[in-house]
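First up is the structure itself, then whatever we jot down about it.
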Amino acid sequence: MKFLLGALVLVGFAAAAPLFVHLEYFYFAGFVVLQFIVLATAWNILGGFAGYVNFGTGAFFAVGAYSAVALYKAVQLPLGLQILAGAAAAGLLGFLVGLLTLRLRGIFFSIATIAITIILETVVMNWHYVGGAKGLPILRPTEMPLYFTNYTQWLFLVMTIIAVLAVAMARYIQVGWIGRGLRAIRDNEGAAECSGVPTLKLKLAAASISGALMGAAGAPFAQYLSFIEPSSAFSLNYAVNALAMPIIGGTAHWIGPVLGAILLGTVQQVVTVTISSEMNVLVVGVMLVVFVVGAPEGILGLWKRYVLKKGTP
Amino acid sequence: MPHVAHPAFLVLGAYATYALVGLGMDPLLAGLLLMPVFFAFGIAVYQFYYLTFERRGTDLGVRGIAFFFGIAFIVQVGLILVFGVDQRMVEASYIGTSIEVFGDVRIPQRMIVAFGVALALTITLALYLSRTFTGRAIKAVAQDEGALRLMGADPVRIKRWAFGIATGTCALAGALLIIVGPVDPNLDRLYIGRTFCVVVLAGMGSMSGTLVAGLILGVAESLVLASVGTAWAPAVAFGILLAVLGVRPAGLFGR
């Protein structure tokens with residue numbers, strides 16, 4: 001109930017924001033942070049709950065983005081359907097990669113996700129319909145939806161809704177039987193299998209849902225930049241951020257990736273503006289290592305230990 | 001150990017060679033001189049990993065991978081910050097010349113040098129792993145740590161040693177890399193694919209298999225390069241990797 005209320009307030013704020021926030025940069029930065037909330041939350045469903053590390057967030061993100069672009073170019077598909085199509089395509093990709101490698105335990109899934117990223121990037125580079133390696137400029141629709149006067153503000157609202165849905169999904173999975181099954185897989189897959197947890201089915205479901213959410217986050221990307229090209233859509237930064245944010249925030253709870261994304265996303269925006277964009281990438285790497293070494297349970301773990309005083313040894 | 005930073009160390013080796021060549025050193029000599037430095041570096045990295053993760057038992061699952069991924073990322077970005085994103089190459093007497101084999105067939109000399117050194121390195125490593133006591137212990141620790149402990153050997157020491165050797169090898173391999181062609185900081189992502197492709201195709205732990213698998217991958221990449229076009233070459237290693245994972249995860253020579 002509290003969650004529903006919070007979600008409604010957030011969406012309401014995003015919908016009403018154009019009335020009182022006129023600073024264009026707010027929407028640009030906000031969009032990026034929200035996008036990272038979706039990516040981090042999606043990553044956490046498989047990586048945090050089940051313990052299977054996805055290095056290919058960029059691939060799922062770009063599949064969403066390019067599905068949207070291809071359909072937009074072909075039939076001028078409206079944004080809502082673009083997002084659904086992107087989510088479906090990326091979800092299917094998650095399912096297929098999972099089918100190929102999730103039967104194997106350990107690091108194979110992670111390696112396969114890197115492989116998928118490179119293969120798909122190569123395919124897109126050679127796919128001239130969506131611009132190939134040169135990229136493709138996107139003309140945004142000329143008429144504005146609803147009462148909006150600025151398309152970026154509209155995209156901000158759309159991304160808020162996607163983020164709220166993603167977090168709600170993660171929360172639903174966490175508290176329900178799927179989450180229990182995934183945690184069992186993470187802690188001891190053999191034991192889980194022996195006690196009748198349908199491990200492969202659960203892993204496939206998690207991989208598909210996680211992929212679909214990443215695709216949904218990617219779908220509005222081209223509209224947001226008015227341009228798309230492979231090396232930014234497939235950027236390693238998405239993979240690193242989507243992995244670093246949940247780990248920094250805390251992987252055990254749905255709020256962890258959200259905290260991590262807000263913290264890291266904001267820090268990155270500040271560093272990019274004040275220092276340089278290379279520095280911002282370095283900050284992510286260093287923070288990731290510092291947290292993994294110093295605070296393995298993330299911000300949530302620190303909170304538990306120092307504020308609630310429930311000791312982890 | 002989920003050591004995904006290995007290719008990053010390889011690129012680091014290439015850049016360290018580049019820096020030494022800038023001081024007027026031969027790239028091969030630079031690679032050899034860097035080996036002990038990298039060996040020590042590898043031991044330090046493992047020691048850190050052991051103290052912060054393995055000893056506390058938190059290396060399982062996501063964190064170990066995340067740690068190495070973070071290290072790889074820092075290396076990559078560090079190289080970009082220091083050297084820039086441009087491609088770098090080195091010069092030496094055997095780079096840029098070629099030898100006539102017969103008729104019109106010419107082989108660039110740098111390729112022969114790189115091939116010879118790489119072959120020697122692989123054979124040395126294979127002999128080391130199969131003939132010496134420590135080498136066998138390294139193979140054993142991969143199979144069963146507990147059993148090794150019962151035999152009175154310290155698995156941590158063995159693993160540290162193995163990690164040092166692997167990282168030391170990166171120095172010479174990096175030197176070869178920059179002898180063969182230009183290097184840029186983003187190369188490690190491609191080499192993650194190549195490394196794992198060769199290892200998985202060979203079958204984990206098979207040294208002779210890696211030679212065959214490396215050969216297969218090299219030929220496959222060259223064929224694609226020549227027939228389909230350069231743009232598709234990066235996908236070859238990963239395509240093979242995915243195919244092997246899907247069809248025969250044990251690899252060609254795996255048990």
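Labels for the structure tokens follow display order: chains A, B, ..., residues from 1 in each chain, ligands from 1.
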
Using only C-alpha atoms, what table do you get, as CSV, when you list each residue of chain B with an atom no more than 9 Å from chain A, its nearest pair of atoms, and their distance in Å rounded to one decimal, rows by chain then rising number?
residue,atom,partner,partner_atom,distance
B:Pro2,CA,A:Ile107,CA,6.9
B:Val4,CA,A:Ile111,CA,9.0
B:Tyr49,CA,A:Val293,CA,8.8
B:Thr52,CA,A:Val293,CA,6.1
B:Phe53,CA,A:Val293,CA,7.5
B:Thr58,CA,A:Pro296,CA,7.9
B:Gly61,CA,A:Gly51,CA,5.5
B:Val62,CA,A:Gly51,CA,5.8
B:Arg63,CA,A:Val292,CA,6.3
B:Gly64,CA,A:Val292,CA,8.3
B:Ile65,CA,A:Val53,CA,7.8
B:Ala66,CA,A:Val292,CA,7.4
B:Phe67,CA,A:Val289,CA,5.6
B:Phe68,CA,A:Val289,CA,8.3
B:Phe69,CA,A:Val240,CA,8.1
B:Gly70,CA,A:Gly285,CA,5.0
B:Ile71,CA,A:Val289,CA,7.1
B:Ala72,CA,A:Gly285,CA,8.6
B:Phe73,CA,A:Gly285,CA,5.9
B:Ile74,CA,A:Gly285,CA,5.5
B:Val77,CA,A:Leu282,CA,6.0
B:Gly78,CA,A:Leu282,CA,7.5
B:Ile80,CA,A:Glu278,CA,8.0
B:Leu81,CA,A:Glu278,CA,7.2
B:Arg189,CA,A:Ile114,CA,8.2
B:Leu190,CA,A:Ile118,CA,7.9
B:Ile192,CA,A:Ile111,CA,8.1
B:Gly193,CA,A:Ala115,CA,6.4
B:Phe196,CA,A:Ile111,CA,7.6
B:Ala231,CA,A:Thr122,CA,6.9
B:Trp232,CA,A:Thr122,CA,6.2
B:Ala233,CA,A:Thr122,CA,8.5
B:Pro234,CA,A:Ile118,CA,7.0
B:Ala235,CA,A:Ile119,CA,4.7
B:Val236,CA,A:Ile119,CA,8.0
B:Ala237,CA,A:Ala115,CA,8.2
B:Phe238,CA,A:Ala115,CA,4.8
B:Gly239,CA,A:Ile119,CA,7.1
B:Leu241,CA,A:Ala115,CA,7.5
B:Leu242,CA,A:Ala112,CA,6.4
B:Ala243,CA,A:Leu100,CA,8.9
B:Leu245,CA,A:Thr101,CA,6.6
B:Gly246,CA,A:Leu100,CA,5.2
B:Val247,CA,A:Leu100,CA,8.8
B:Pro249,CA,A:Leu104,CA,8.1

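Counting only C-alpha atoms, Gly135 in chain A has the following residues at most 8 Å away, ignoring those fewer than 5 positions along the same chain: A:Val130, A:Phe227, A:Ile228, A:Glu229, A:Pro230.
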
Include all heavy atoms and write out the residues we just selected as a compact mmCIF listing (two decimals), in the first residue's frame.
# COMPACT_ATOMS: atom_id res chain seq x y z
N VAL A 130 19.20 0.49 -40.28
CA VAL A 130 19.17 1.33 -39.09
C VAL A 130 20.45 2.17 -38.97
O VAL A 130 20.80 2.63 -37.89
CB VAL A 130 18.97 0.52 -37.80
CG1 VAL A 130 17.57 -0.06 -37.76
CG2 VAL A 130 20.00 -0.59 -37.70
N PHE A 227 18.99 10.42 -32.08
CA PHE A 227 20.08 9.84 -32.86
C PHE A 227 20.41 8.48 -32.24
O PHE A 227 20.23 8.29 -31.05
CB PHE A 227 21.31 10.75 -32.78
CG PHE A 227 22.47 10.27 -33.60
CD1 PHE A 227 22.44 10.32 -34.98
CD2 PHE A 227 23.60 9.75 -32.98
CE1 PHE A 227 23.51 9.87 -35.73
CE2 PHE A 227 24.68 9.30 -33.73
CZ PHE A 227 24.62 9.36 -35.11
N ILE A 228 20.84 7.55 -33.09
CA ILE A 228 21.31 6.29 -32.51
C ILE A 228 22.50 5.78 -33.31
O ILE A 228 22.54 5.93 -34.52
CB ILE A 228 20.19 5.24 -32.47
CG1 ILE A 228 20.65 4.00 -31.69
CG2 ILE A 228 19.73 4.83 -33.88
CD1 ILE A 228 19.53 3.18 -31.15
N GLU A 229 23.49 5.26 -32.60
CA GLU A 229 24.61 4.61 -33.28
C GLU A 229 25.11 3.48 -32.38
O GLU A 229 24.92 3.53 -31.16
CB GLU A 229 25.71 5.61 -33.63
CG GLU A 229 26.20 6.48 -32.51
CD GLU A 229 27.54 6.05 -32.00
OE1 GLU A 229 28.27 5.36 -32.70
OE2 GLU A 229 27.85 6.39 -30.85
N PRO A 230 25.70 2.44 -32.99
CA PRO A 230 25.97 1.21 -32.24
C PRO A 230 26.86 1.39 -31.01
O PRO A 230 26.55 0.87 -29.95
CB PRO A 230 26.67 0.31 -33.26
CG PRO A 230 26.33 0.85 -34.57
CD PRO A 230 26.07 2.30 -34.41

Picked from range 17-185 of chain B by DSSP as alpha helix (DSSP H), as a ChimeraX atom specification: /B:17-22,27-49,62-83,109-131,133-143,145-150,155-180

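Across the structure, CA of Leu187 in chain B and CA of Gln47 in chain B are spaced 26.6 Å apart.
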
Contact residues around range 212-215 of chain A with only C-alpha atoms at 6 Å, ignoring same-chain residues under 6 positions, as a list in words: Leu39, Ala42, Phe60, Phe61, Gly64, Gly86, Ala87, Ala88, Ala90 and Gly91 of chain A

Would you save the residues from that selection as a PDB file, in the first residue's frame, using C-alpha atoms?
ATOM      1  CA  LEU A  39      18.691  -1.184 -15.808  1.00  0.00           C
ATOM      2  CA  ALA A  42      16.500  -5.462 -14.123  1.00  0.00           C
ATOM      3  CA  PHE A  60      19.690  -6.013 -24.106  1.00  0.00           C
ATOM      4  CA  PHE A  61      19.491  -2.240 -23.917  1.00  0.00           C
ATOM      5  CA  GLY A  64      15.345  -2.630 -27.156  1.00  0.00           C
ATOM      6  CA  GLY A  86      11.713  -3.506 -27.474  1.00  0.00           C
ATOM      7  CA  ALA A  87      10.853  -5.310 -24.249  1.00  0.00           C
ATOM      8  CA  ALA A  88       9.575  -8.351 -26.157  1.00  0.00           C
ATOM      9  CA  ALA A  90      15.091  -8.181 -25.435  1.00  0.00           C
ATOM     10  CA  GLY A  91      13.058 -10.621 -23.329  1.00  0.00           C
TER      11      GLY A  91
END
